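Pasted below: coords-v4.cif, mmCIF, C-alpha atoms.
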```cif
data_entry
#
loop_
_atom_site.label_atom_id
_atom_site.label_comp_id
_atom_site.auth_asym_id
_atom_site.auth_seq_id
_atom_site.Cartn_x
_atom_site.Cartn_y
_atom_site.Cartn_z
CA MET A 8 -16.38 -2.90 -20.73
CA GLN A 9 -14.65 -5.89 -19.18
CA LYS A 10 -11.33 -5.06 -17.61
CA GLN A 11 -8.68 -7.50 -18.74
CA LYS A 12 -6.38 -8.88 -16.07
CA LEU A 13 -2.79 -8.43 -17.11
CA ASP A 14 -0.37 -11.30 -16.65
CA ASP A 15 2.37 -10.89 -14.04
CA SER A 16 4.98 -11.22 -16.77
CA VAL A 17 3.42 -8.33 -18.70
CA LEU A 18 3.28 -6.17 -15.58
CA VAL A 19 6.90 -6.98 -14.78
CA ARG A 20 7.94 -6.00 -18.29
CA ASN A 21 5.93 -2.79 -18.11
CA TYR A 22 7.45 -1.95 -14.73
CA ILE A 23 10.97 -2.56 -16.03
CA ASN A 24 10.09 -0.18 -18.87
CA GLY A 25 9.18 2.53 -16.38
CA ASN A 26 5.49 2.00 -15.65
CA GLU A 27 5.28 2.46 -11.86
CA ARG A 28 1.56 1.64 -11.82
CA SER A 29 2.46 -1.94 -12.80
CA LEU A 30 4.37 -2.37 -9.54
CA GLU A 31 1.35 -1.15 -7.62
CA ILE A 32 -0.79 -3.80 -9.30
CA LEU A 33 1.77 -6.54 -8.67
CA VAL A 34 2.16 -5.64 -5.01
CA GLY A 35 -1.61 -5.36 -4.57
CA ARG A 36 -2.14 -8.70 -6.26
CA HIS A 37 0.36 -10.66 -4.18
CA LYS A 38 0.73 -8.75 -0.91
CA GLN A 39 -1.66 -10.96 1.06
CA ARG A 40 -0.08 -14.22 -0.01
CA VAL A 41 3.49 -13.02 0.56
CA TYR A 42 2.73 -11.33 3.88
CA SER A 43 0.69 -14.28 5.20
CA PHE A 44 3.48 -16.65 4.21
CA ILE A 45 6.05 -14.58 6.09
CA TYR A 46 3.78 -14.21 9.10
CA SER A 47 3.10 -17.97 9.18
CA LYS A 48 6.85 -18.45 9.68
CA VAL A 49 7.82 -15.63 12.05
CA LEU A 50 4.51 -15.27 13.93
CA ASP A 51 5.15 -11.61 14.67
CA ARG A 52 3.33 -8.80 12.85
CA ASP A 53 6.17 -6.27 13.13
CA VAL A 54 8.86 -8.71 12.02
CA ALA A 55 6.61 -9.88 9.18
CA GLU A 56 6.15 -6.24 8.14
CA ASP A 57 9.93 -5.69 8.05
CA ILE A 58 10.60 -8.86 6.08
CA PHE A 59 7.76 -8.09 3.66
CA GLN A 60 9.24 -4.63 3.07
CA ASP A 61 12.78 -5.96 2.63
CA SER A 62 11.51 -8.64 0.22
CA PHE A 63 9.90 -6.08 -2.07
CA ILE A 64 12.86 -3.73 -1.85
CA LYS A 65 14.93 -6.62 -3.21
CA VAL A 66 12.31 -7.20 -5.88
CA ILE A 67 12.32 -3.52 -6.87
CA ASN A 68 16.11 -3.28 -6.92
CA THR A 69 16.49 -6.45 -8.97
CA LEU A 70 13.88 -5.36 -11.50
CA LYS A 71 15.25 -1.80 -11.76
CA LEU A 72 18.79 -3.08 -12.27
CA GLY A 73 17.59 -5.41 -15.01
CA ASN A 74 18.75 -8.51 -13.15
CA TYR A 75 15.41 -10.34 -13.19
CA ASN A 76 15.41 -13.71 -14.90
CA GLU A 77 12.19 -13.88 -16.87
CA GLU A 78 12.31 -17.67 -17.09
CA GLY A 79 10.83 -18.02 -13.65
CA LYS A 80 7.38 -16.96 -12.49
CA PHE A 81 7.05 -13.76 -10.54
CA LEU A 82 5.25 -14.98 -7.40
CA PRO A 83 7.46 -18.04 -6.71
CA TRP A 84 10.46 -15.77 -7.17
CA VAL A 85 9.12 -13.26 -4.62
CA MET A 86 8.28 -16.15 -2.27
CA ARG A 87 11.84 -17.46 -2.56
CA ILE A 88 13.20 -14.02 -1.66
CA ALA A 89 10.81 -13.82 1.31
CA HIS A 90 11.72 -17.33 2.38
CA ASN A 91 15.45 -16.56 2.30
CA LEU A 92 14.91 -13.43 4.37
CA VAL A 93 12.90 -15.45 6.90
CA ILE A 94 15.78 -17.93 7.16
CA ASP A 95 18.23 -15.00 7.57
CA HIS A 96 16.02 -13.63 10.33
CA PHE A 97 16.22 -16.86 12.32
CA ARG A 98 19.93 -17.27 11.63
CA LYS A 99 20.82 -13.73 12.68
CA GLY A 100 19.15 -13.89 16.03
CA ASN A 101 19.76 -17.62 16.44
CA ARG A 102 16.16 -17.53 17.52
CA MET A 103 13.65 -20.29 17.72
CA PRO A 104 10.18 -19.67 16.27
CA ALA A 105 7.62 -18.44 18.75
CA PHE A 106 4.95 -20.79 20.01
CA ARG A 107 1.24 -20.20 19.59
CA ASN A 108 -1.70 -21.67 21.39
CA THR A 109 -3.82 -23.92 19.17
CA ASP A 110 -6.37 -26.61 19.91
CA GLU A 111 -3.63 -29.24 19.74
CA PHE A 112 -0.87 -27.29 21.39
CA ASP A 113 -0.86 -25.48 24.69
CA ILE A 114 2.01 -23.10 25.45
CA PHE A 115 1.75 -23.93 29.14
CA SER A 116 2.73 -27.50 28.41
CA VAL A 117 6.23 -26.36 27.49
CA LEU A 118 6.68 -23.24 29.60
CA SER A 119 7.71 -25.11 32.70
CA ASP A 120 8.77 -28.56 33.65
CA PRO A 121 8.72 -29.03 37.43
CA SER A 122 10.82 -32.17 37.15
CA LEU A 123 13.80 -30.14 35.97
CA ASN A 124 15.89 -28.51 38.61
CA ALA A 125 18.19 -25.57 38.00
CA GLU A 126 21.18 -27.77 37.20
CA LYS A 127 19.24 -29.85 34.72
CA ASN A 128 17.94 -26.68 33.10
CA MET A 129 21.47 -25.39 32.68
CA ILE A 130 22.52 -28.69 31.10
CA LYS A 131 19.49 -28.59 28.79
CA ASP A 132 20.33 -25.03 27.70
CA GLN A 133 23.93 -26.04 27.11
CA ILE A 134 22.81 -28.97 24.97
CA HIS A 135 20.56 -26.73 22.86
CA PHE A 136 23.42 -24.28 22.49
CA ASP A 137 25.84 -27.06 21.49
CA VAL A 138 23.41 -28.47 18.94
CA ARG A 139 22.96 -25.07 17.31
CA ARG A 140 26.73 -24.59 17.26
CA ILE A 141 27.22 -27.98 15.60
CA ILE A 142 24.49 -27.22 13.05
CA ASP A 143 26.40 -24.04 12.16
CA GLU A 144 29.34 -26.24 11.14
CA LEU A 145 27.32 -27.91 8.40
CA PRO A 146 27.57 -26.90 4.74
CA GLU A 147 25.00 -24.22 3.86
CA ASP A 148 22.76 -26.44 1.71
CA GLN A 149 22.54 -29.15 4.38
CA LYS A 150 22.06 -26.62 7.17
CA GLU A 151 19.21 -24.97 5.28
CA VAL A 152 17.31 -28.26 4.82
CA LEU A 153 17.90 -29.32 8.41
CA ILE A 154 16.70 -26.00 9.85
CA MET A 155 13.57 -26.06 7.69
CA ARG A 156 12.81 -29.68 8.55
CA ILE A 157 13.58 -29.69 12.29
CA TYR A 158 13.03 -26.12 13.42
CA ARG A 159 10.33 -25.07 10.95
CA ASP A 160 8.65 -28.47 10.70
CA MET A 161 8.36 -28.18 6.92
CA SER A 162 7.70 -31.26 4.80
CA PHE A 163 10.26 -32.35 2.20
CA LYS A 164 7.78 -31.37 -0.51
CA GLU A 165 7.65 -27.84 0.93
CA ILE A 166 11.44 -27.74 1.31
CA SER A 167 11.80 -28.90 -2.27
CA ASP A 168 9.46 -26.18 -3.53
CA VAL A 169 10.98 -23.27 -1.66
CA THR A 170 14.60 -24.22 -2.27
CA GLY A 171 14.05 -25.20 -5.89
CA VAL A 172 15.66 -28.64 -5.58
CA SER A 173 14.01 -32.03 -6.03
CA ILE A 174 12.54 -33.91 -3.07
CA ASN A 175 15.28 -36.53 -3.46
CA THR A 176 17.96 -33.87 -3.27
CA ALA A 177 16.34 -32.39 -0.17
CA LEU A 178 16.17 -35.87 1.39
CA GLY A 179 19.79 -36.48 0.46
CA ARG A 180 20.88 -33.20 2.02
CA MET A 181 19.02 -34.06 5.20
CA ARG A 182 20.68 -37.47 5.29
CA TYR A 183 24.14 -35.98 4.82
CA ALA A 184 23.36 -33.31 7.39
CA LEU A 185 22.60 -36.00 9.98
CA ILE A 186 25.65 -38.06 8.99
CA ASN A 187 27.85 -34.97 9.26
CA LEU A 188 26.31 -33.99 12.59
CA ARG A 189 27.22 -37.42 13.96
CA LYS A 190 30.75 -37.07 12.57
CA ILE A 191 31.21 -33.66 14.21
CA ILE A 192 29.85 -34.99 17.49
CA ASP A 193 32.16 -38.05 17.39
CA LYS A 194 35.19 -36.06 16.28
CA ASN A 195 34.81 -33.50 19.05
CA LYS A 196 33.68 -36.09 21.61
CA ILE A 197 30.62 -34.01 22.39
CA ILE A 198 28.17 -35.54 24.83
CA LEU A 199 24.58 -34.52 24.18
CA THR A 200 22.65 -36.13 27.01
CA ASN A 201 20.75 -34.74 29.94
CA MET B 3 4.39 -23.86 -6.26
CA GLU B 4 1.27 -21.75 -5.89
CA LYS B 5 -0.62 -24.77 -4.63
CA LEU B 6 1.89 -25.19 -1.83
CA TYR B 7 1.49 -21.71 -0.49
CA PHE B 8 -2.25 -21.82 -0.81
CA LYS B 9 -2.31 -25.09 1.12
CA GLU B 10 0.08 -23.66 3.63
CA LEU B 11 -2.16 -20.68 4.16
CA LEU B 12 -5.39 -22.61 4.41
CA ASN B 13 -5.01 -22.84 8.15
CA GLU B 14 -3.57 -19.40 8.50
CA GLU B 15 -5.24 -16.06 8.84
CA GLN B 16 -5.29 -14.11 5.60
CA LEU B 17 -3.28 -11.09 6.58
CA ASN B 18 -2.28 -7.94 4.80
CA PRO B 19 0.68 -5.66 5.39
CA LYS B 20 0.05 -2.12 6.60
CA LYS B 21 -0.91 0.51 4.04
CA GLU B 22 2.12 2.53 5.16
CA THR B 23 4.41 -0.32 4.12
CA ILE B 24 2.85 -0.46 0.66
CA SER B 25 3.08 3.33 0.31
CA PHE B 26 6.71 3.22 1.38
CA LEU B 27 7.50 0.60 -1.26
CA LEU B 28 5.74 2.48 -4.05
CA ASN B 29 7.49 5.73 -3.06
CA TYR B 30 10.80 3.92 -2.76
CA SER B 31 10.38 2.58 -6.28
CA LYS B 32 9.67 6.07 -7.61
CA SER B 33 12.63 7.52 -5.73
CA ILE B 34 15.32 5.42 -7.36
CA GLY B 35 16.80 5.59 -10.78
CA VAL B 36 19.36 3.53 -12.66
CA VAL B 37 22.22 4.74 -14.82
CA ARG B 38 24.96 2.82 -16.58
CA ASN B 39 28.58 3.45 -15.62
CA LYS B 40 31.61 3.48 -17.91
CA LYS B 41 31.77 -0.31 -17.79
CA ASP B 42 28.11 -0.40 -18.84
CA LYS B 43 27.07 -1.75 -15.46
CA PRO B 44 23.78 -0.50 -14.01
CA VAL B 45 24.18 1.72 -10.95
CA MET B 46 21.27 2.70 -8.74
CA PHE B 47 20.83 6.20 -7.38
CA HIS B 48 18.23 8.01 -5.31
CA LEU B 49 16.28 10.89 -6.80
CA ASN B 50 15.45 13.84 -4.61
#
```

Let's see the structure in the file written out as structure tokens.
Amino acid sequence: MQKQKLDDSVLVRNYINGNERSLEILVGRHKQRVYSFIYSKVLDRDVAEDIFQDSFIKVINTLKLGNYNEEGKFLPWVMRIAHNLVIDHFRKGNRMPAFRNTDEFDIFSVLSDPSLNAEKNMIKDQIHFDVRRIIDELPEDQKEVLIMRIYRDMSFKEISDVTGVSINTALGRMRYALINLRKIIDKNKIILTN
Amino acid sequence: MEKLYFKELLNEEQLNPKKETISFLLNYSKSIGVVRNKKDKPVMFHLN
């Protein structure tokens, strides 16, 4: 007998109605995609594990409380939750993503720069600190797009998909983010040069 | 949407979370219940 694959929407409905096995199927079906997505952003197995767990706790709580909006698809919804938790992770620690060695990129090319002396290094650190502080002044929607574009190197198509806004809106937010950054810099007479 | 993540993952390792994490989530789900308060709002509680 051929086993019929149940739609996510059916499984979600069954789970909301108390069928715990449906959650097991949903998690099993999407765990690799969600976990790999998180890992591709944070590049740390333990952190990815924590964010994966927190994402599904949110999913479980939302479904149990009956707050799930059935208009959307299940996987993109879970991905959005995971994405937001990844952003929170970077915001909380004010951390930059870790670097990895690839064929095109060598970690040793950025680990040290012999041309920079201690004073220049201090100035560079101060500039990075100032930039992050200025970014924090931006409205949330602009900050989100700017962080994804500059720090996460995501395309506007990707930003549009994960934030649920059109590409034009994402582009507009980026433009306003840059305009506002310049305004903040001018207003506070901040000098960002090395 | 799905296409994006698939594309994104093409160059990434296909990774899975630990079995313990999955077990935790499934047990967590079984350990919580929801009741409605006087204002008919759902309230979550943990079963022991």

So, with all atoms listed in the file as the atoms that count, which of A:His90, A:Lys194, A:Lys99, A:Arg189 lies closest to Val41 (chain A)?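 The answer is A:His90, which sits nearest to Val41 (chain A).
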
Give as a list in words every residue of chain A that touches chain B within 7 Å, counting all atoms listed in the file. Glu31, Lys38, Gln39, Tyr42, Ser43, Phe44, Ser47, Glu56, Gln60, Ile64, Ile67, Lys71, Leu72, Pro83, Glu165 and Asp168 of chain A

Tell me, in Å to one decimal, how far CA of Ser16 (chain A) is from CA of Lys41 (chain B). 28.9 Å

Å distance separating CA of Asp57 (chain A) from CA of Asn21 (chain A), one decimal place: 26.6 Å

Residue contacts of region 175-178 of chain A (8 Å, all atoms listed in the file) excluding same-chain residues fewer than 2 positions away, as a VMD selection string: chain A and resid 152 163 166 to 167 172 to 173 180 to 182

Preceding selection exported with C-alpha atoms as a compact mmCIF listing (two decimals), in the frame of the given file:
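Contents of selection_12.txt, as written:
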```txt
# COMPACT_ATOMS: atom_id res chain seq x y z
CA VAL A 152 17.31 -28.26 4.82
CA PHE A 163 10.26 -32.35 2.20
CA ILE A 166 11.44 -27.74 1.31
CA SER A 167 11.80 -28.90 -2.27
CA VAL A 172 15.66 -28.64 -5.58
CA SER A 173 14.01 -32.03 -6.03
CA ARG A 180 20.88 -33.20 2.02
CA MET A 181 19.02 -34.06 5.20
CA ARG A 182 20.68 -37.47 5.29
```

For the structure provided, state which residues fall under the PyMOL selection byres ((chain A and resi 89) around 7), and present them as a list in words.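 Applying the PyMOL selection byres ((chain A and resi 89) around 7) to the structure shown produces Ile45, Ile58, Phe59, Ser62, Val85, Met86, Arg87, Ile88, His90, Asn91, Leu92 and Val93 of chain A.
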
Nearest to Lys150 (chain A), restricted to all atoms listed in the file and choosing among A:Asn74, A:Ser162, A:Asn195, A:Asn187, comes out as A:Asn187

Please enclose the listed atoms of region 27-39 of chain B in an axis-aligned box, pad each side by 4 Å, and write out the centre and the three edge lengths in Å, rounded to one decimal, as JSON.
```
{"center_x": 17.2, "center_y": 4.1, "center_z": -8.9, "size_x": 30.8, "size_y": 14.9, "size_z": 23.3}
```

Exercise: residues within 8 Å of coordinate (18.6, 6.9, -1.5), counting only C-alpha atoms, as a PyMOL selection string: chain B and resi 33-34+47-49

Selected residues written out, C-alpha atoms, as a tab-separated table (two decimals), keeping the file's coordinate frame:
```
chain	number	residue	atom	x	y	z
B	33	SER	CA	12.63	7.52	-5.73
B	34	ILE	CA	15.32	5.42	-7.36
B	47	PHE	CA	20.83	6.20	-7.38
B	48	HIS	CA	18.23	8.01	-5.31
B	49	LEU	CA	16.28	10.89	-6.80
```

In Å, how far is it from CA of Trp84 (chain A) to CA of Asp61 (chain A)?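 One can read the CA of Trp84 (chain A) to CA of Asp61 (chain A) distance as 14.1 Å.
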
Taking (26.0, -28.7, 22.8) in the file's coordinates as the center, which residues reach within 12 Å of it, counting all atoms listed in the file, put as a list in words? Met129, Ile130, Lys131, Asp132, Gln133, Ile134, His135, Phe136, Asp137, Val138, Arg139, Arg140, Ile141, Ile142, Asp143, Leu188, Ile191, Ile192, Asn195, Lys196, Ile197, Ile198, Leu199, Thr200 and Asn201 of chain A
